[in-house]
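model_14.cif follows; it contains mmCIF, C-alpha atoms and all ligand atoms.
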```
data_structure
#
loop_
_atom_site.group_PDB
_atom_site.id
_atom_site.type_symbol
_atom_site.label_atom_id
_atom_site.label_comp_id
_atom_site.auth_asym_id
_atom_site.auth_seq_id
_atom_site.Cartn_x
_atom_site.Cartn_y
_atom_site.Cartn_z
ATOM 1 C CA MET H 1 132.932 -75.728 28.749
ATOM 2 C CA LEU H 2 130.689 -74.733 31.595
ATOM 3 C CA THR H 3 127.138 -73.491 31.840
ATOM 4 C CA ILE H 4 125.809 -71.941 35.003
ATOM 5 C CA SER H 5 122.048 -72.152 34.966
ATOM 6 C CA ASP H 6 119.784 -70.281 37.413
ATOM 7 C CA ALA H 7 122.331 -70.961 40.098
ATOM 8 C CA SER H 8 122.780 -69.458 43.525
ATOM 9 C CA PHE H 9 126.000 -69.688 45.445
ATOM 10 C CA GLY H 10 126.498 -69.765 49.178
ATOM 11 C CA TYR H 11 126.998 -71.932 52.198
ATOM 12 C CA PRO H 12 124.944 -74.760 53.665
ATOM 13 C CA PRO H 13 123.540 -74.323 57.171
ATOM 14 C CA ALA H 14 125.897 -75.232 60.020
ATOM 15 C CA GLN H 15 125.677 -78.864 61.115
ATOM 16 C CA ASP H 16 124.239 -77.942 64.497
ATOM 17 C CA ALA H 17 121.654 -75.558 62.994
ATOM 18 C CA PRO H 18 117.997 -76.533 63.593
ATOM 19 C CA ALA H 19 116.447 -78.635 60.844
ATOM 20 C CA GLY H 20 114.972 -76.501 58.096
ATOM 21 C CA THR H 21 117.559 -73.716 58.440
ATOM 22 C CA PRO H 22 118.054 -72.346 54.935
ATOM 23 C CA PRO H 23 121.506 -72.032 53.386
ATOM 24 C CA THR H 24 123.245 -68.645 53.407
ATOM 25 C CA VAL H 25 122.927 -67.406 49.859
ATOM 26 C CA ILE H 26 125.639 -64.982 48.764
ATOM 27 C CA VAL H 27 125.144 -64.621 44.994
ATOM 28 C CA GLN H 28 121.878 -65.471 43.264
ATOM 29 C CA ASN H 29 120.286 -66.031 39.868
ATOM 30 C CA VAL H 30 123.445 -66.565 37.924
ATOM 31 C CA ASN H 31 123.110 -67.514 34.256
ATOM 32 C CA ARG H 32 126.450 -67.626 32.486
ATOM 33 C CA SER H 33 128.582 -69.689 30.178
ATOM 34 C CA VAL H 34 132.306 -70.054 30.127
ATOM 35 C CA LEU H 35 133.679 -70.777 26.671
ATOM 36 C CA ALA H 36 136.994 -72.257 25.643
ATOM 37 C CA GLY H 37 139.706 -69.641 25.671
ATOM 38 C CA GLN H 38 137.696 -67.076 27.596
ATOM 39 C CA ARG H 39 139.700 -65.022 30.099
ATOM 40 C CA ILE H 40 137.487 -63.589 32.740
ATOM 41 C CA GLY H 41 138.462 -61.262 35.555
ATOM 42 C CA ILE H 42 136.157 -61.540 38.565
ATOM 43 C CA LEU H 43 135.708 -58.135 40.153
ATOM 44 C CA GLY H 44 133.912 -57.017 43.282
ATOM 45 C CA ALA H 45 134.477 -55.364 46.640
ATOM 46 C CA ASN H 46 135.575 -57.405 49.676
ATOM 47 C CA GLY H 47 133.039 -59.915 50.913
ATOM 48 C CA GLN H 48 130.782 -59.757 47.844
ATOM 49 C CA GLY H 49 131.272 -63.418 46.967
ATOM 50 C CA LYS H 50 134.126 -63.703 44.461
ATOM 51 C CA SER H 51 135.780 -66.574 46.311
ATOM 52 C CA THR H 52 132.406 -68.207 46.890
ATOM 53 C CA LEU H 53 131.739 -68.136 43.139
ATOM 54 C CA VAL H 54 135.139 -69.542 42.247
ATOM 55 C CA LYS H 55 134.933 -72.247 44.929
ATOM 56 C CA THR H 56 131.601 -73.356 43.530
ATOM 57 C CA VAL H 57 132.891 -73.496 39.972
ATOM 58 C CA ALA H 58 135.839 -75.523 41.301
ATOM 59 C CA GLY H 59 133.384 -77.990 42.832
ATOM 60 C CA ALA H 60 134.676 -77.358 46.358
ATOM 61 C CA LEU H 61 131.243 -76.001 47.267
ATOM 62 C CA GLN H 62 127.779 -77.022 46.058
ATOM 63 C CA ALA H 63 125.492 -74.455 44.453
ATOM 64 C CA THR H 64 122.652 -73.766 46.895
ATOM 65 C CA SER H 65 120.222 -73.967 43.967
ATOM 66 C CA GLY H 66 120.292 -74.298 40.184
ATOM 67 C CA GLU H 67 122.985 -76.166 38.348
ATOM 68 C CA LEU H 68 126.441 -76.036 36.900
ATOM 69 C CA ILE H 69 126.673 -78.119 33.770
ATOM 70 C CA THR H 70 130.187 -79.079 32.806
ATOM 71 C CA GLY H 71 131.279 -79.899 29.289
ATOM 72 C CA LYS H 72 132.999 -83.130 28.392
ATOM 73 C CA GLY H 73 136.719 -83.006 28.940
ATOM 74 C CA LEU H 74 136.593 -80.108 31.385
ATOM 75 C CA ASN H 75 139.697 -80.232 33.533
ATOM 76 C CA ILE H 76 139.754 -77.597 36.238
ATOM 77 C CA GLY H 77 142.839 -76.311 37.993
ATOM 78 C CA TYR H 78 142.080 -74.348 41.153
ATOM 79 C CA PHE H 79 144.427 -72.139 43.097
ATOM 80 C CA SER H 80 143.578 -70.233 46.258
ATOM 81 C CA GLN H 81 145.655 -69.164 49.218
ATOM 82 C CA GLN H 82 144.130 -72.013 51.237
ATOM 83 C CA GLU H 83 145.674 -74.435 48.750
ATOM 84 C CA LEU H 84 149.045 -73.677 50.305
ATOM 85 C CA ASP H 85 147.877 -76.037 53.057
ATOM 86 C CA VAL H 86 148.261 -78.968 50.663
ATOM 87 C CA LEU H 87 152.011 -78.579 50.914
ATOM 88 C CA ARG H 88 153.931 -80.797 53.312
ATOM 89 C CA PRO H 89 156.460 -78.725 55.239
ATOM 90 C CA ALA H 90 158.974 -81.541 55.634
ATOM 91 C CA ASP H 91 159.010 -82.418 51.920
ATOM 92 C CA ASN H 92 160.875 -80.650 49.148
ATOM 93 C CA PRO H 93 159.541 -79.503 45.746
ATOM 94 C CA LEU H 94 160.807 -82.592 43.946
ATOM 95 C CA GLU H 95 159.041 -84.866 46.447
ATOM 96 C CA HIS H 96 155.860 -82.847 45.938
ATOM 97 C CA MET H 97 156.033 -83.364 42.186
ATOM 98 C CA ILE H 98 156.743 -87.072 42.591
ATOM 99 C CA ARG H 99 153.739 -87.407 44.901
ATOM 100 C CA LEU H 100 151.589 -85.450 42.476
ATOM 101 C CA VAL H 101 152.495 -87.858 39.673
ATOM 102 C CA ARG H 102 151.858 -90.845 41.911
ATOM 103 C CA ASP H 103 148.483 -89.493 43.061
ATOM 104 C CA THR H 104 147.350 -88.665 39.523
ATOM 105 C CA PRO H 105 145.842 -91.716 37.831
ATOM 106 C CA ALA H 106 147.761 -92.558 34.664
ATOM 107 C CA ALA H 107 144.600 -92.039 32.603
ATOM 108 C CA VAL H 108 144.355 -88.382 33.565
ATOM 109 C CA ARG H 109 148.063 -87.598 33.552
ATOM 110 C CA PRO H 110 148.786 -84.994 30.900
ATOM 111 C CA SER H 111 150.145 -86.617 27.784
ATOM 112 C CA GLY H 112 153.636 -85.783 26.679
ATOM 113 C CA MET H 113 154.861 -85.010 30.203
ATOM 114 C CA ASP H 114 158.044 -86.682 31.297
ATOM 115 C CA CYS H 115 157.139 -88.160 34.691
ATOM 116 C CA ARG H 116 160.632 -89.334 35.522
ATOM 117 C CA GLU H 117 162.760 -87.458 38.027
ATOM 118 C CA GLN H 118 164.713 -85.543 35.404
ATOM 119 C CA GLY H 119 161.516 -84.508 33.638
ATOM 120 C CA LEU H 120 160.049 -83.262 36.901
ATOM 121 C CA ARG H 121 163.244 -81.361 37.706
ATOM 122 C CA ASN H 122 163.081 -79.710 34.294
ATOM 123 C CA PHE H 123 159.469 -78.752 34.852
ATOM 124 C CA LEU H 124 160.295 -77.313 38.291
ATOM 125 C CA GLY H 125 163.043 -75.351 36.559
ATOM 126 C CA THR H 126 160.472 -73.578 34.409
ATOM 127 C CA PHE H 127 159.008 -72.264 37.673
ATOM 128 C CA ASN H 128 162.454 -71.158 38.839
ATOM 129 C CA PHE H 129 163.077 -74.074 41.153
ATOM 130 C CA SER H 130 166.523 -75.130 40.158
ATOM 131 C CA GLY H 131 169.653 -76.589 41.660
ATOM 132 C CA ASP H 132 169.531 -76.957 45.421
ATOM 133 C CA MET H 133 166.044 -75.518 45.706
ATOM 134 C CA VAL H 134 164.349 -78.673 44.468
ATOM 135 C CA LYS H 135 165.732 -80.334 47.602
ATOM 136 C CA GLN H 136 164.910 -77.571 50.099
ATOM 137 C CA SER H 137 162.127 -78.398 52.526
ATOM 138 C CA VAL H 138 158.960 -76.462 51.789
ATOM 139 C CA GLY H 139 158.573 -75.523 55.459
ATOM 140 C CA SER H 140 161.630 -73.283 55.165
ATOM 141 C CA MET H 141 160.338 -71.474 52.072
ATOM 142 C CA SER H 142 158.747 -68.050 51.813
ATOM 143 C CA GLY H 143 155.056 -67.555 51.088
ATOM 144 C CA GLY H 144 155.863 -66.598 47.514
ATOM 145 C CA GLU H 145 157.983 -69.687 46.946
ATOM 146 C CA LYS H 146 155.199 -71.879 48.302
ATOM 147 C CA ALA H 147 152.652 -70.194 46.063
ATOM 148 C CA ARG H 148 154.999 -70.727 43.121
ATOM 149 C CA LEU H 149 155.259 -74.437 43.906
ATOM 150 C CA VAL H 150 151.482 -74.838 44.155
ATOM 151 C CA LEU H 151 151.047 -73.058 40.830
ATOM 152 C CA CYS H 152 153.699 -75.307 39.302
ATOM 153 C CA MET H 153 151.791 -78.378 40.505
ATOM 154 C CA ILE H 154 148.522 -77.044 39.104
ATOM 155 C CA VAL H 155 149.983 -76.130 35.738
ATOM 156 C CA TRP H 156 151.635 -79.555 35.464
ATOM 157 C CA LEU H 157 148.140 -81.075 35.421
ATOM 158 C CA ARG H 158 147.401 -79.027 32.264
ATOM 159 C CA PRO H 159 143.933 -77.845 33.160
ATOM 160 C CA ASN H 160 141.810 -76.295 30.431
ATOM 161 C CA LEU H 161 140.029 -74.047 32.918
ATOM 162 C CA LEU H 162 142.248 -72.348 35.430
ATOM 163 C CA LEU H 163 140.616 -70.764 38.484
ATOM 164 C CA LEU H 164 142.903 -68.416 40.348
ATOM 165 C CA ASP H 165 141.772 -66.731 43.548
ATOM 166 C CA GLU H 166 144.211 -63.996 44.474
ATOM 167 C CA PRO H 167 147.270 -65.869 43.265
ATOM 168 C CA THR H 168 149.696 -62.993 43.699
ATOM 169 C CA ASN H 169 149.173 -62.113 47.353
ATOM 170 C CA HIS H 170 152.546 -63.416 48.471
ATOM 171 C CA LEU H 171 154.398 -63.058 45.214
ATOM 172 C CA ASP H 172 157.170 -60.573 44.584
ATOM 173 C CA LEU H 173 157.175 -58.416 41.492
ATOM 174 C CA ALA H 174 159.406 -60.726 39.445
ATOM 175 C CA THR H 175 157.249 -63.755 40.201
ATOM 176 C CA ARG H 176 154.074 -61.802 39.434
ATOM 177 C CA GLU H 177 155.518 -60.919 36.086
ATOM 178 C CA ALA H 178 156.479 -64.536 35.494
ATOM 179 C CA LEU H 179 152.927 -65.579 36.363
ATOM 180 C CA SER H 180 151.524 -62.983 34.021
ATOM 181 C CA VAL H 181 153.728 -64.289 31.187
ATOM 182 C CA ALA H 182 152.787 -67.901 31.983
ATOM 183 C CA LEU H 183 149.084 -67.013 31.978
ATOM 184 C CA ASN H 184 149.413 -65.254 28.662
ATOM 185 C CA GLU H 185 150.981 -68.345 27.153
ATOM 186 C CA PHE H 186 148.323 -70.586 28.684
ATOM 187 C CA GLU H 187 145.767 -71.441 26.031
ATOM 188 C CA GLY H 188 142.901 -72.595 28.233
ATOM 189 C CA SER H 189 140.217 -70.523 29.885
ATOM 190 C CA VAL H 190 140.965 -68.456 32.941
ATOM 191 C CA MET H 191 138.858 -67.060 35.759
ATOM 192 C CA LEU H 192 141.002 -64.736 37.809
ATOM 193 C CA VAL H 193 140.201 -63.010 41.085
ATOM 194 C CA SER H 194 142.847 -60.440 41.877
ATOM 195 C CA HIS H 195 143.344 -57.015 43.358
ATOM 196 C CA ASP H 196 146.372 -56.653 41.093
ATOM 197 C CA ARG H 197 145.157 -54.462 38.287
ATOM 198 C CA ALA H 198 148.297 -54.926 36.200
ATOM 199 C CA LEU H 199 147.716 -58.686 36.247
ATOM 200 C CA LEU H 200 144.009 -58.329 35.479
ATOM 201 C CA ARG H 201 144.804 -56.005 32.612
ATOM 202 C CA SER H 202 147.409 -58.287 31.076
ATOM 203 C CA VAL H 203 145.473 -61.551 31.454
ATOM 204 C CA CYS H 204 141.749 -60.819 31.163
ATOM 205 C CA ASP H 205 139.717 -59.544 28.289
ATOM 206 C CA GLU H 206 136.359 -59.422 29.989
ATOM 207 C CA PHE H 207 135.169 -58.724 33.485
ATOM 208 C CA TRP H 208 132.353 -59.977 35.645
ATOM 209 C CA LEU H 209 131.273 -57.995 38.658
ATOM 210 C CA VAL H 210 130.016 -59.672 41.821
ATOM 211 C CA SER H 211 128.007 -57.123 43.722
ATOM 212 C CA ARG H 212 125.023 -56.900 46.063
ATOM 213 C CA GLY H 213 124.024 -60.523 45.654
ATOM 214 C CA GLY H 214 124.255 -60.646 41.880
ATOM 215 C CA LEU H 215 126.651 -61.152 39.020
ATOM 216 C CA LYS H 216 126.796 -59.001 35.903
ATOM 217 C CA ASP H 217 129.198 -57.885 33.212
ATOM 218 C CA PHE H 218 131.347 -55.002 34.268
ATOM 219 C CA ASP H 219 131.238 -52.525 31.487
ATOM 220 C CA GLY H 220 134.102 -50.209 31.859
ATOM 221 C CA ASP H 221 137.830 -50.527 32.118
ATOM 222 C CA LEU H 222 139.994 -51.048 35.169
ATOM 223 C CA ASP H 223 140.214 -47.320 35.829
ATOM 224 C CA ASP H 224 136.425 -47.262 36.017
ATOM 225 C CA TYR H 225 136.689 -50.209 38.392
ATOM 226 C CA GLN H 226 138.975 -48.246 40.698
ATOM 227 C CA VAL H 227 136.360 -45.482 40.833
ATOM 228 C CA TYR H 228 133.633 -48.098 41.395
ATOM 229 C CA LEU H 229 135.506 -49.585 44.376
ATOM 230 C CA LEU H 230 135.939 -46.172 46.001
ATOM 231 C CA GLU H 231 132.252 -45.370 45.549
ATOM 232 C CA GLU H 232 131.276 -48.787 46.861
ATOM 233 C CA ALA H 233 133.475 -48.337 49.962
ATOM 234 C CA LYS H 234 131.832 -44.961 50.581
ATOM 235 C CA ARG H 235 128.374 -46.476 50.172
ATOM 236 C CA GLN H 236 129.224 -49.218 52.687
ATOM 237 C CA ARG H 237 130.493 -46.619 55.169
ATOM 238 C CA ASP H 238 127.261 -44.647 54.748
ATOM 239 C CA VAL H 239 125.156 -47.765 55.308
ATOM 240 C CA ALA H 240 127.166 -48.603 58.448
ATOM 241 C CA SER H 241 126.884 -45.090 59.807
ATOM 242 C CA SER H 242 123.104 -44.857 59.272
ATOM 243 C CA ALA H 243 122.772 -48.268 60.955
ATOM 244 C CA ARG H 244 124.717 -46.896 63.939
ATOM 245 C CA LYS H 245 122.505 -43.807 64.097
ATOM 246 C CA ALA H 246 119.377 -45.929 63.954
ATOM 247 C CA ALA H 247 120.626 -48.119 66.815
HETATM 248 N N1 LIG H 301 131.862 -70.837 55.387
HETATM 249 C C1 LIG H 301 131.057 -69.778 55.293
HETATM 250 N N2 LIG H 301 129.796 -69.801 55.820
HETATM 251 C C2 LIG H 301 128.982 -68.736 55.733
HETATM 252 N N3 LIG H 301 129.317 -67.587 55.116
HETATM 253 C C3 LIG H 301 130.548 -67.494 54.586
HETATM 254 C C4 LIG H 301 131.481 -68.580 54.636
HETATM 255 N N4 LIG H 301 132.618 -68.189 54.008
HETATM 256 C C5 LIG H 301 132.396 -66.924 53.596
HETATM 257 N N5 LIG H 301 131.166 -66.512 53.922
HETATM 258 C C6 LIG H 301 130.559 -65.193 53.636
HETATM 259 O O1 LIG H 301 130.325 -65.089 52.247
HETATM 260 C C7 LIG H 301 130.495 -63.740 51.836
HETATM 261 C C8 LIG H 301 131.364 -63.694 50.601
HETATM 262 O O2 LIG H 301 132.668 -64.140 50.943
HETATM 263 P P1 LIG H 301 133.788 -64.336 49.859
HETATM 264 O O3 LIG H 301 134.967 -64.892 50.561
HETATM 265 O O4 LIG H 301 133.246 -65.099 48.719
HETATM 266 O O5 LIG H 301 134.051 -62.814 49.404
HETATM 267 P P2 LIG H 301 135.135 -62.236 48.405
HETATM 268 O O6 LIG H 301 134.413 -61.424 47.390
HETATM 269 O O7 LIG H 301 136.027 -63.311 47.930
HETATM 270 O O8 LIG H 301 135.931 -61.230 49.354
HETATM 271 P P3 LIG H 301 137.498 -60.825 49.426
HETATM 272 O O9 LIG H 301 137.718 -59.761 48.385
HETATM 273 O O10 LIG H 301 137.642 -60.270 50.792
HETATM 274 O O11 LIG H 301 138.307 -62.063 49.190
HETATM 275 C C9 LIG H 301 131.048 -62.981 53.024
HETATM 276 O O12 LIG H 301 130.006 -62.236 53.590
HETATM 277 C C10 LIG H 301 131.506 -64.070 53.952
HETATM 278 O O13 LIG H 301 131.360 -63.657 55.289
HETATM 279 MG MG MG H 302 138.034 -63.779 48.255
#
```
Rewrite the structure of this file - the entire thing - as structure tokens.
Ligand SMILES: Nc1ncnc2c1ncn2[C@@H]1O[C@H](COP(=O)(O)OP(=O)(O)OP(=O)(O)O)[C@@H](O)[C@H]1O
Ligand SMILES: [Mg+2]
Amino acid sequence: MLTISDASFGYPPAQDAPAGTPPTVIVQNVNRSVLAGQRIGILGANGQGKSTLVKTVAGALQATSGELITGKGLNIGYFSQQELDVLRPADNPLEHMIRLVRDTPAAVRPSGMDCREQGLRNFLGTFNFSGDMVKQSVGSMSGGEKARLVLCMIVWLRPNLLLLDEPTNHLDLATREALSVALNEFEGSVMLVSHDRALLRSVCDEFWLVSRGGLKDFDGDLDDYQVYLLEEAKRQRDVASSARKAA
């Protein structure tokens, strides 16, 4: 579905930076493939580049070098907390779905979806938006409800590679469980960044670790990962304290 070849991920120089300023590289020398049906958990301590990796795979950010080769028919769905900004506070969930249908060219609309109002209401119902809620303005909804609506919109597009960057941050336990069930039923590939180990455990069957500028397989289970994170936090504290002493 996707081949990442000698790629580095990071950010281009600021627009006002002097000419010749190199990009900020966060993760380098990545060689990986993502196959159909693969369910990958992206692990790593804060700031190591998990979101940067996922953003690049989503196409929201260019690789600073190397290439990402996408297979024919790849259809990516991308969810991050920033995506909540796509919602219009004055509009309700039904209006969001209607706009989504309108903005999706007929050729790429998922086949077999009922795009009429009743069909969209039914689909919203599967994400627990029923009755009056489909007419409630999004601006008056909780963070979890907004996240649920964005996920509903993404899933409606029937991606075959779903990129989820901390999808559960605002979700309550019941909605997390519903997401976990939905992801287990989803047949496409998944790349999931999450600090929720229960979700990682139930959805992912392999783990990649983003750490110290590189990407590798994490061999170990999620209990080992917990230990890894504690050791990594200690290492970072030690580095910071020796830097302070040196100053
Ligand atoms: N627009 C940007 N320009 C330059 N550097 C950035 C930019 N956005 C993020 N970074 C840096 O890239 C590094 C990786 O950030 P990223 O958000 O990918 O980490 P993360 O692993 O997702 O962390 P977290 O667990 O906190 O979400 C950080 O050092 C961050 O400061
Ligand atoms: Mg992140």
Could you name the residues that touch Arg39 of chain H at 8 Å or less, counting only C-alpha atoms, but leaving out those on the same chain fewer than 5 positions away, as a PyMOL selection string?
chain H and resi 189-192+203-206
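The closest residue to Val155 of chain H, picked from H:Gln118, H:Asn75, H:Ser8, H:Ser137 and counting all atoms listed in the file, is H:Asn75.
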Around (124.8, -73.3, 37.4), as given in the file, which residues come within 10 Å? Count only C-alpha atoms and list them as a PDB file with C-alpha atoms, in the coordinates of the input.
```
ATOM      1  CA  LEU H   2     130.689 -74.733  31.595  1.00  0.00           C
ATOM      2  CA  THR H   3     127.138 -73.491  31.840  1.00  0.00           C
ATOM      3  CA  ILE H   4     125.809 -71.941  35.003  1.00  0.00           C
ATOM      4  CA  SER H   5     122.048 -72.152  34.966  1.00  0.00           C
ATOM      5  CA  ASP H   6     119.784 -70.281  37.413  1.00  0.00           C
ATOM      6  CA  ALA H   7     122.331 -70.961  40.098  1.00  0.00           C
ATOM      7  CA  SER H   8     122.780 -69.458  43.525  1.00  0.00           C
ATOM      8  CA  PHE H   9     126.000 -69.688  45.445  1.00  0.00           C
ATOM      9  CA  ASN H  29     120.286 -66.031  39.868  1.00  0.00           C
ATOM     10  CA  VAL H  30     123.445 -66.565  37.924  1.00  0.00           C
ATOM     11  CA  ASN H  31     123.110 -67.514  34.256  1.00  0.00           C
ATOM     12  CA  ARG H  32     126.450 -67.626  32.486  1.00  0.00           C
ATOM     13  CA  SER H  33     128.582 -69.689  30.178  1.00  0.00           C
ATOM     14  CA  THR H  56     131.601 -73.356  43.530  1.00  0.00           C
ATOM     15  CA  VAL H  57     132.891 -73.496  39.972  1.00  0.00           C
ATOM     16  CA  GLN H  62     127.779 -77.022  46.058  1.00  0.00           C
ATOM     17  CA  ALA H  63     125.492 -74.455  44.453  1.00  0.00           C
ATOM     18  CA  THR H  64     122.652 -73.766  46.895  1.00  0.00           C
ATOM     19  CA  SER H  65     120.222 -73.967  43.967  1.00  0.00           C
ATOM     20  CA  GLY H  66     120.292 -74.298  40.184  1.00  0.00           C
ATOM     21  CA  GLU H  67     122.985 -76.166  38.348  1.00  0.00           C
ATOM     22  CA  LEU H  68     126.441 -76.036  36.900  1.00  0.00           C
ATOM     23  CA  ILE H  69     126.673 -78.119  33.770  1.00  0.00           C
ATOM     24  CA  THR H  70     130.187 -79.079  32.806  1.00  0.00           C
TER      25      THR H  70
END
```
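With atom P2 of ligand LIG 301 (chain H) on one side and atom CA of Asp16 of chain H on the other, the separation reads 25.0 Å.
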Find the residues near ligand LIG 301 (chain H). Use a cut-off of 7 Å, count all atoms listed in the file, and write them as number ranges by chain.
H: 10-11, 24, 26, 44-53
Go through H:Thr21, H:Asn122, H:Thr104, H:Ser140 one by one, measure the shortest atom-to-atom distance of each to Leu157 of chain H using only C-alpha atoms, and give the residue with the smallest value.
H:Thr104
Distance cut-off 7 Å, centre (159.2, -78.7, 48.5) in file coordinates, counting all atoms listed in the file: which residues qualify? Return them as a tab-separated table (two decimals) with C-alpha atoms, in the coordinates of the input.
```tsv
chain	number	residue	atom	x	y	z
H	91	ASP	CA	159.01	-82.42	51.92
H	92	ASN	CA	160.88	-80.65	49.15
H	93	PRO	CA	159.54	-79.50	45.75
H	94	LEU	CA	160.81	-82.59	43.95
H	95	GLU	CA	159.04	-84.87	46.45
H	96	HIS	CA	155.86	-82.85	45.94
H	134	VAL	CA	164.35	-78.67	44.47
H	135	LYS	CA	165.73	-80.33	47.60
H	136	GLN	CA	164.91	-77.57	50.10
H	137	SER	CA	162.13	-78.40	52.53
H	138	VAL	CA	158.96	-76.46	51.79
```
Could you expand the PyMOL selection byres (((chain H and resi 163) around 8) and not hetatm) into the explicit residues it covers here, written as a count of residues only?
13
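Minimum atom-to-atom distance to Ala147 of chain H, evaluated using all atoms listed in the file, belongs to H:Gln82 out of H:Ser241, H:Asn160, H:Gln82, H:Ser111.
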Given the PyMOL selection byres (((chain H and resi 110) around 8) and not hetatm) and the file above, list the residues it selects as an NGL selection string.
:H and (108-109 or 111-113 or 156-158)
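Nearest-residue note for Gly125 of chain H: choosing from H:Ala198, H:Leu149, H:Ala36, H:Leu222, the minimum distance belongs to H:Leu149, counting only C-alpha atoms.
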Could you work out how far atom CA of Arg148 of chain H lies from atom CA of Leu179 of chain H, giving the answer in Å with one decimal?
8.7 Å
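Put simply, atom CA of Val101 of chain H is 19.3 Å away from atom CA of Met133 of chain H.
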Any chance you could work out the residue set of the PyMOL selection byres (((chain H and resi 146) around 10) and not hetatm) here, as a VMD selection string?
chain H and resid 81 83 to 85 87 89 93 138 to 145 147 to 152 170 to 171
Show me, as a PyMOL selection string, the residues that have an atom within 10 Å of segment 224-235 of chain H when counting only C-alpha atoms, minus same-chain residues fewer than 3 positions from it.
chain H and resi 43-46+197+207+209+211+218-221+238-241
With the input short on atoms, add N, CA and C atoms back to segment 156-169 of chain H and write it as a PDB file, in the coordinates of the input.
```
ATOM      1  N   TRP H 156     151.178 -78.242  35.947  1.00  0.00           N
ATOM      2  CA  TRP H 156     151.635 -79.555  35.464  1.00  0.00           C
ATOM      3  C   TRP H 156     150.437 -80.417  35.041  1.00  0.00           C
ATOM      4  N   LEU H 157     149.328 -80.269  35.725  1.00  0.00           N
ATOM      5  CA  LEU H 157     148.140 -81.075  35.421  1.00  0.00           C
ATOM      6  C   LEU H 157     147.436 -80.622  34.141  1.00  0.00           C
ATOM      7  N   ARG H 158     147.940 -79.534  33.526  1.00  0.00           N
ATOM      8  CA  ARG H 158     147.401 -79.027  32.264  1.00  0.00           C
ATOM      9  C   ARG H 158     145.889 -78.878  32.260  1.00  0.00           C
ATOM     10  N   PRO H 159     145.380 -78.073  33.163  1.00  0.00           N
ATOM     11  CA  PRO H 159     143.933 -77.845  33.160  1.00  0.00           C
ATOM     12  C   PRO H 159     143.540 -77.089  31.898  1.00  0.00           C
ATOM     13  N   ASN H 160     142.273 -77.174  31.513  1.00  0.00           N
ATOM     14  CA  ASN H 160     141.810 -76.295  30.431  1.00  0.00           C
ATOM     15  C   ASN H 160     140.929 -75.164  30.960  1.00  0.00           C
ATOM     16  N   LEU H 161     140.642 -75.211  32.257  1.00  0.00           N
ATOM     17  CA  LEU H 161     140.029 -74.047  32.918  1.00  0.00           C
ATOM     18  C   LEU H 161     140.789 -73.815  34.214  1.00  0.00           C
ATOM     19  N   LEU H 162     141.418 -72.663  34.275  1.00  0.00           N
ATOM     20  CA  LEU H 162     142.248 -72.348  35.430  1.00  0.00           C
ATOM     21  C   LEU H 162     141.516 -71.322  36.288  1.00  0.00           C
ATOM     22  N   LEU H 163     141.284 -71.667  37.554  1.00  0.00           N
ATOM     23  CA  LEU H 163     140.616 -70.764  38.484  1.00  0.00           C
ATOM     24  C   LEU H 163     141.657 -70.256  39.471  1.00  0.00           C
ATOM     25  N   LEU H 164     141.863 -68.971  39.488  1.00  0.00           N
ATOM     26  CA  LEU H 164     142.903 -68.416  40.348  1.00  0.00           C
ATOM     27  C   LEU H 164     142.284 -67.383  41.278  1.00  0.00           C
ATOM     28  N   ASP H 165     142.346 -67.648  42.569  1.00  0.00           N
ATOM     29  CA  ASP H 165     141.772 -66.731  43.548  1.00  0.00           C
ATOM     30  C   ASP H 165     142.911 -66.026  44.281  1.00  0.00           C
ATOM     31  N   GLU H 166     143.150 -64.813  43.903  1.00  0.00           N
ATOM     32  CA  GLU H 166     144.211 -63.996  44.474  1.00  0.00           C
ATOM     33  C   GLU H 166     145.552 -64.728  44.501  1.00  0.00           C
ATOM     34  N   PRO H 167     146.033 -65.081  43.321  1.00  0.00           N
ATOM     35  CA  PRO H 167     147.270 -65.869  43.265  1.00  0.00           C
ATOM     36  C   PRO H 167     148.511 -65.071  43.622  1.00  0.00           C
ATOM     37  N   THR H 168     148.447 -63.746  43.567  1.00  0.00           N
ATOM     38  CA  THR H 168     149.696 -62.993  43.699  1.00  0.00           C
ATOM     39  C   THR H 168     149.935 -62.434  45.091  1.00  0.00           C
ATOM     40  N   ASN H 169     149.048 -62.748  46.045  1.00  0.00           N
ATOM     41  CA  ASN H 169     149.173 -62.113  47.353  1.00  0.00           C
ATOM     42  C   ASN H 169     150.566 -62.173  47.977  1.00  0.00           C
TER      43      ASN H 169
END
```
